[in-house]
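**Q** Please read through the structure below; I'll follow up with questions.
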Protein chains: 2
Amino acid sequence: VNVKAAGELMRAEIAAQPQMIANLLDAGDPALPVVIDHLRRQRPRFVLLAARGTSDHAALYGKYLVEIEWGLPAGLASMSTATLYQANPDLRDVLFLTVSQSGASPDLVDPTARARDCGATTVALTNNPGSALAQAAGHHLDIRAARERAVAATKTYTAELLGLYQLITGLSGTCDASALAALPDAAATTLDRAGRVGELVTEWGSLTRLVATGRGFAYPTAREAAVKIIETSYLSAHAYSGADFLHGPLAMIDHDTLVLAIRTRGADGDSLGPVLERLRPLTTRLIEVGPAAGLPVDTRGMPESLHPIVQILPLQRLALELDISRGLDPDLPRSLSKVTETW
Amino acid sequence: VNVKAAGELMRAEIAAQPQMIANLLDAGDPALPVVIDHLRRQRPRFVLLAARGTSDHAALYGKYLVEIEWGLPAGLASMSTATLYQANPDLRDVLFLTVSQSGASPDLVDPTARARDCGATTVALTNNPGSALAQAAGHHLDIRAARERAVAATKTYTAELLGLYQLITGLSGTCDASALAALPDAAATTLDRAGRVGELVTEWGSLTRLVATGRGFAYPTAREAAVKIIETSYLSAHAYSGADFLHGPLAMIDHDTLVLAIRTRGADGDSLGPVLERLRPLTTRLIEVGPAAGLPVDTRGMPESLHPIVQILPLQRLALELDISRGLDPDLPRSLSKVTETW
């Protein structure tokens, strides 16, 4: 009989990330320079990113990178305009970049094939070179995260972020190689310090509502943290950018609402200050996630564009421990399967 | 002494929408044909839409219109890349379309001015021709909804949708004039039938969690319904596209969760079918919003692209009545003000 501790798979995959990042940096993807060279010659003028679920948060990170590092306008693709309404937009000069762990969702494969037909240069970033998506796209980049056994994606998320960083800063010529080299140690230190999370969650037995917030590069982290907590603990977890928070959702905060504020040193952290001033009188549960915060993140010497890769780590642990503290098994989330087939 | 019934302002503005739509259709904005003519000559190749809060849901509707009706790729702008990170992307051939009720949020004014400097053609759609945003943009379109007195936006939302429909289908040459002419009657019928909402909400005293879902053109409606309910009733209201719902958030649904499924006849409604099949066994509270549904919407003879203008009406009433049934005043949402100043 195979007796498995609750969350054993998810815990192991969270813990494996520092070594995974080191391995990915050591052995580069041979396809990457080829794709970068091709895209540099193509000179796309607009970028559309297509993804679902956790990968959609990686795509949002990619959008910030494209705009800030590469200087091109970018948008997240609305797959339904292709799949439901058969829109055939003029996609010449467009890079259509699809991000998917499985590479199997039909609602990503079809829009990618259609984008290619409409004139876009298509690149797919997946964890499965044999997938339908890898075949449908003109170019494929393998995130090489090895098989993810837990239903809740963790290591494939950070591998997607790293793959996007390498692709886009490779295109813009702004890759920070020394900060990249320090990433495995920063990830290990951050996970070590996340031990506190186990204690924290024991005080949250009555918790029903949670909001994660962040601005700029910290916003994809807030989004991913919220969905990770929803899919494992079934809590009502929201995510808002610091700016959108003040347009309506602030009214929802009461003194029992847990607020996770993703705030690292830099422009994003600074800009969150006024939002936190508004939040502090409203709730007794405000946890900052950042370098000198309740949930510490080691981002020393790292540009803001790399923070998301370490920021998410203590939040993955938080989702895991919160779930276990509620008597659930994060490896067995109700109603979900690993590959989501939508149309 | 001025004694006001709870929600009096919001109720009056919801009720005023059919007449407002009729007035807007009768007296066209003289700037509209000028802007359309200019944009046709400019021939933009990519569209970025910028907005916050409720107007962001109108912008999402605009994104679908641009892709489906006009055949151009489109994205929602990430304002923080301009305001926090000083990104200066190459925006030649880009139409930068800003949507804002007040036209006063600095985090929309600055990115619009910067987009103009980066080469974009800038158009602002606001309810205030004297606003800073109207000045910052190269072109201004007035949604002419008259002053909105309630904090929770209702009539300015539908006026923004109508303005976007007229602009974008004017550009694509696909405006359905006869369906537009039928819109005031459809809005009036839909609001008449929404009387049921008052009864429905009395059964929801124990409600704490709510999810709105829809696909394609119904997705902006789901988003707007959720935020409207959050900002008035403080409930935990989520919104997911039908596809994203299955990637994680489905796990959150228990038998007490209220699900609002925005489902009209057409591609978006059809596509929601499989999502509803998954949802039905999970909750006892599933309300469909559509032509033959629990919350009826009159969309007879109307193309899907116009559905959002009537779909939102019973949901605005639902937000209002839900709030009042909880002993609150929708005109006095805690922690909010009418103009949100973020940076």
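Residues in the structure tokens are numbered from 1 in each chain, the chains being A, B, ... in the order shown, and ligands are numbered from 1 in the order shown.
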Given a cut-off of 7 Å, which residues of chain A touch chain B, counting only C-alpha atoms, written out as a PyMOL selection string?

**A** chain A and resi 52-53+64+67-68+71-76+80-81+84-85+87-91+216+227+230-231+234-236+243-244+246-252+267-268+333-336+340+342

**Q** With C-alpha atoms retained, could you export that selection as a short mmCIF file (atom, residue, chain, number, x, y, z; two decimals), in the first residue's frame?

**A**
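Output file part.cif is given in full below:
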data_model
loop_
_atom_site.label_atom_id
_atom_site.label_comp_id
_atom_site.auth_asym_id
_atom_site.auth_seq_id
_atom_site.Cartn_x
_atom_site.Cartn_y
_atom_site.Cartn_z
CA ARG A 52 -4.67 29.96 -19.42
CA GLY A 53 -4.65 29.52 -15.65
CA TYR A 64 5.68 43.46 -18.62
CA GLU A 67 6.98 46.44 -22.77
CA ILE A 68 9.72 47.40 -20.31
CA GLY A 71 10.06 48.35 -25.82
CA LEU A 72 7.23 46.83 -27.82
CA PRO A 73 3.49 47.16 -27.17
CA ALA A 74 1.95 43.91 -25.97
CA GLY A 75 -1.40 42.41 -25.10
CA LEU A 76 -2.87 39.22 -23.72
CA SER A 80 -12.51 33.31 -27.57
CA THR A 81 -12.36 35.86 -30.38
CA LEU A 84 -15.99 31.44 -30.77
CA TYR A 85 -16.20 34.26 -33.27
CA ALA A 87 -11.98 36.57 -35.90
CA ASN A 88 -9.18 36.71 -38.48
CA PRO A 89 -7.18 39.76 -37.48
CA ASP A 90 -4.26 41.03 -39.54
CA LEU A 91 -1.32 39.65 -37.54
CA GLY A 216 4.04 46.21 -11.75
CA VAL A 227 -5.27 31.11 -7.72
CA ILE A 230 -8.15 28.95 -4.38
CA GLU A 231 -7.32 25.68 -6.06
CA TYR A 234 -10.94 26.62 -1.68
CA LEU A 235 -10.74 29.99 0.08
CA SER A 236 -12.18 33.03 -1.60
CA ALA A 243 -4.35 50.63 -8.57
CA ASP A 244 -7.45 48.57 -9.36
CA LEU A 246 -8.85 51.34 -4.96
CA HIS A 247 -11.47 51.26 -7.76
CA GLY A 248 -14.15 49.25 -5.94
CA PRO A 249 -12.64 46.13 -4.32
CA LEU A 250 -11.33 48.10 -1.33
CA ALA A 251 -14.94 48.14 -0.07
CA MET A 252 -14.74 44.36 0.43
CA ALA A 267 9.33 50.94 -8.18
CA ASP A 268 6.60 48.37 -7.60
CA PRO A 333 -7.88 19.39 -5.18
CA ARG A 334 -11.54 18.75 -5.76
CA SER A 335 -13.02 19.14 -9.23
CA LEU A 336 -9.66 19.62 -11.02
CA THR A 340 -7.76 21.39 -18.74
CA THR A 342 -11.61 23.80 -22.99
#

**Q** I need the residues in segment 129-331 of chain B that are helix (DSSP H, G or I) according to DSSP; give them as a VMD selection string.

**A** chain B and resid 132 to 136 155 to 172 177 to 181 183 to 202 218 to 233 242 to 245 249 to 252 267 to 279 304 to 325

**Q** Write out as a PyMOL selection string which residues come within 7 Å of Leu260 of chain B when counting only C-alpha atoms, dropping same-chain ones fewer than 2 positions away.

**A** chain B and resi 211-213+258+262+286-289

**Q** How would the residues just chosen look if you wrote them out with all heavy atoms as a compact mmCIF listing (two decimals), in the first residue's frame?

**A**
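Okay, this is what ended up in part26.txt:
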# COMPACT_ATOMS: atom_id res chain seq x y z
N VAL B 211 -19.75 33.73 -7.75
CA VAL B 211 -18.88 33.74 -8.93
C VAL B 211 -19.73 34.04 -10.15
O VAL B 211 -20.77 33.41 -10.36
CB VAL B 211 -18.18 32.38 -9.14
CG1 VAL B 211 -17.28 32.43 -10.36
CG2 VAL B 211 -17.36 32.00 -7.91
N ALA B 212 -19.31 35.00 -10.95
CA ALA B 212 -19.98 35.29 -12.22
C ALA B 212 -19.11 34.75 -13.34
O ALA B 212 -17.88 34.86 -13.29
CB ALA B 212 -20.17 36.80 -12.38
N THR B 213 -19.76 34.14 -14.32
CA THR B 213 -18.98 33.57 -15.41
C THR B 213 -19.68 33.82 -16.75
O THR B 213 -20.89 33.95 -16.83
CB THR B 213 -18.70 32.07 -15.20
OG1 THR B 213 -17.82 31.59 -16.22
CG2 THR B 213 -19.98 31.24 -15.21
N LEU B 258 -23.06 31.09 -4.89
CA LEU B 258 -23.96 31.54 -5.95
C LEU B 258 -23.17 31.71 -7.24
O LEU B 258 -22.14 32.39 -7.26
CB LEU B 258 -24.60 32.88 -5.56
CG LEU B 258 -25.44 33.56 -6.65
CD1 LEU B 258 -26.67 32.74 -6.99
CD2 LEU B 258 -25.82 34.97 -6.23
N ILE B 262 -23.69 34.13 -17.26
CA ILE B 262 -24.18 35.06 -18.27
C ILE B 262 -24.20 34.30 -19.59
O ILE B 262 -23.15 33.94 -20.12
CB ILE B 262 -23.28 36.30 -18.43
CG1 ILE B 262 -22.66 36.74 -17.11
CG2 ILE B 262 -24.03 37.43 -19.12
CD1 ILE B 262 -23.60 37.18 -16.07
N LEU B 286 -27.46 28.26 -8.90
CA LEU B 286 -26.94 28.62 -10.22
C LEU B 286 -28.03 29.41 -10.92
O LEU B 286 -29.11 28.89 -11.18
CB LEU B 286 -26.59 27.34 -11.00
CG LEU B 286 -26.14 27.52 -12.44
CD1 LEU B 286 -24.84 28.30 -12.54
CD2 LEU B 286 -25.96 26.16 -13.11
N ILE B 287 -27.74 30.67 -11.18
CA ILE B 287 -28.72 31.53 -11.84
C ILE B 287 -28.21 31.86 -13.23
O ILE B 287 -27.11 32.39 -13.38
CB ILE B 287 -28.91 32.87 -11.09
CG1 ILE B 287 -29.18 32.65 -9.61
CG2 ILE B 287 -29.97 33.73 -11.75
CD1 ILE B 287 -30.59 32.35 -9.26
N GLU B 288 -29.00 31.56 -14.24
CA GLU B 288 -28.60 31.95 -15.59
C GLU B 288 -29.17 33.33 -15.91
O GLU B 288 -30.28 33.67 -15.52
CB GLU B 288 -29.08 30.92 -16.61
CG GLU B 288 -28.32 29.61 -16.49
CD GLU B 288 -28.53 28.69 -17.69
OE1 GLU B 288 -28.65 29.18 -18.83
OE2 GLU B 288 -28.59 27.47 -17.48
N VAL B 289 -28.36 34.09 -16.61
CA VAL B 289 -28.76 35.42 -17.06
C VAL B 289 -28.79 35.35 -18.57
O VAL B 289 -27.75 35.20 -19.21
CB VAL B 289 -27.75 36.49 -16.59
CG1 VAL B 289 -28.18 37.88 -17.00
CG2 VAL B 289 -27.53 36.39 -15.08

**Q** Within 8 Å of segment 28-41 of chain A, counting only C-alpha atoms, which residues qualify if same-chain residues fewer than 4 places away don't, as number ranges by chain?

**A** A: 24, 139-142, 167, 170-171

**Q** As a ChimeraX atom specification, please: all residues of segment 13-104 of chain A that backbone DSSP puts in strand (DSSP E).

**A** /A:46-50,74-76,94-100

**Q** Just to be explicit: take each residue in the selection above, keep C-alpha atoms, and write the result as a compact mmCIF listing (two decimals), in the first residue's frame.

**A**
# COMPACT_ATOMS: atom_id res chain seq x y z
CA PHE A 46 3.56 43.94 -31.47
CA VAL A 47 3.39 40.97 -29.15
CA LEU A 48 0.34 38.94 -28.17
CA LEU A 49 0.68 36.42 -25.34
CA ALA A 50 -1.77 33.53 -25.03
CA ALA A 74 1.95 43.91 -25.97
CA GLY A 75 -1.40 42.41 -25.10
CA LEU A 76 -2.87 39.22 -23.72
CA VAL A 94 2.92 40.29 -34.61
CA LEU A 95 4.76 37.83 -32.38
CA PHE A 96 2.15 35.42 -30.95
CA LEU A 97 3.70 33.80 -27.87
CA THR A 98 1.79 30.93 -26.26
CA VAL A 99 2.65 29.68 -22.76
CA SER A 100 1.36 26.33 -21.53

**Q** Between atom CA of Arg193 of chain A and atom CA of Pro296 of chain A, what distance in Å does the model show, to one decimal?

**A**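 Spanning atom CA of Arg193 of chain A to atom CA of Pro296 of chain A is a straight-line distance of 6.6 Å.
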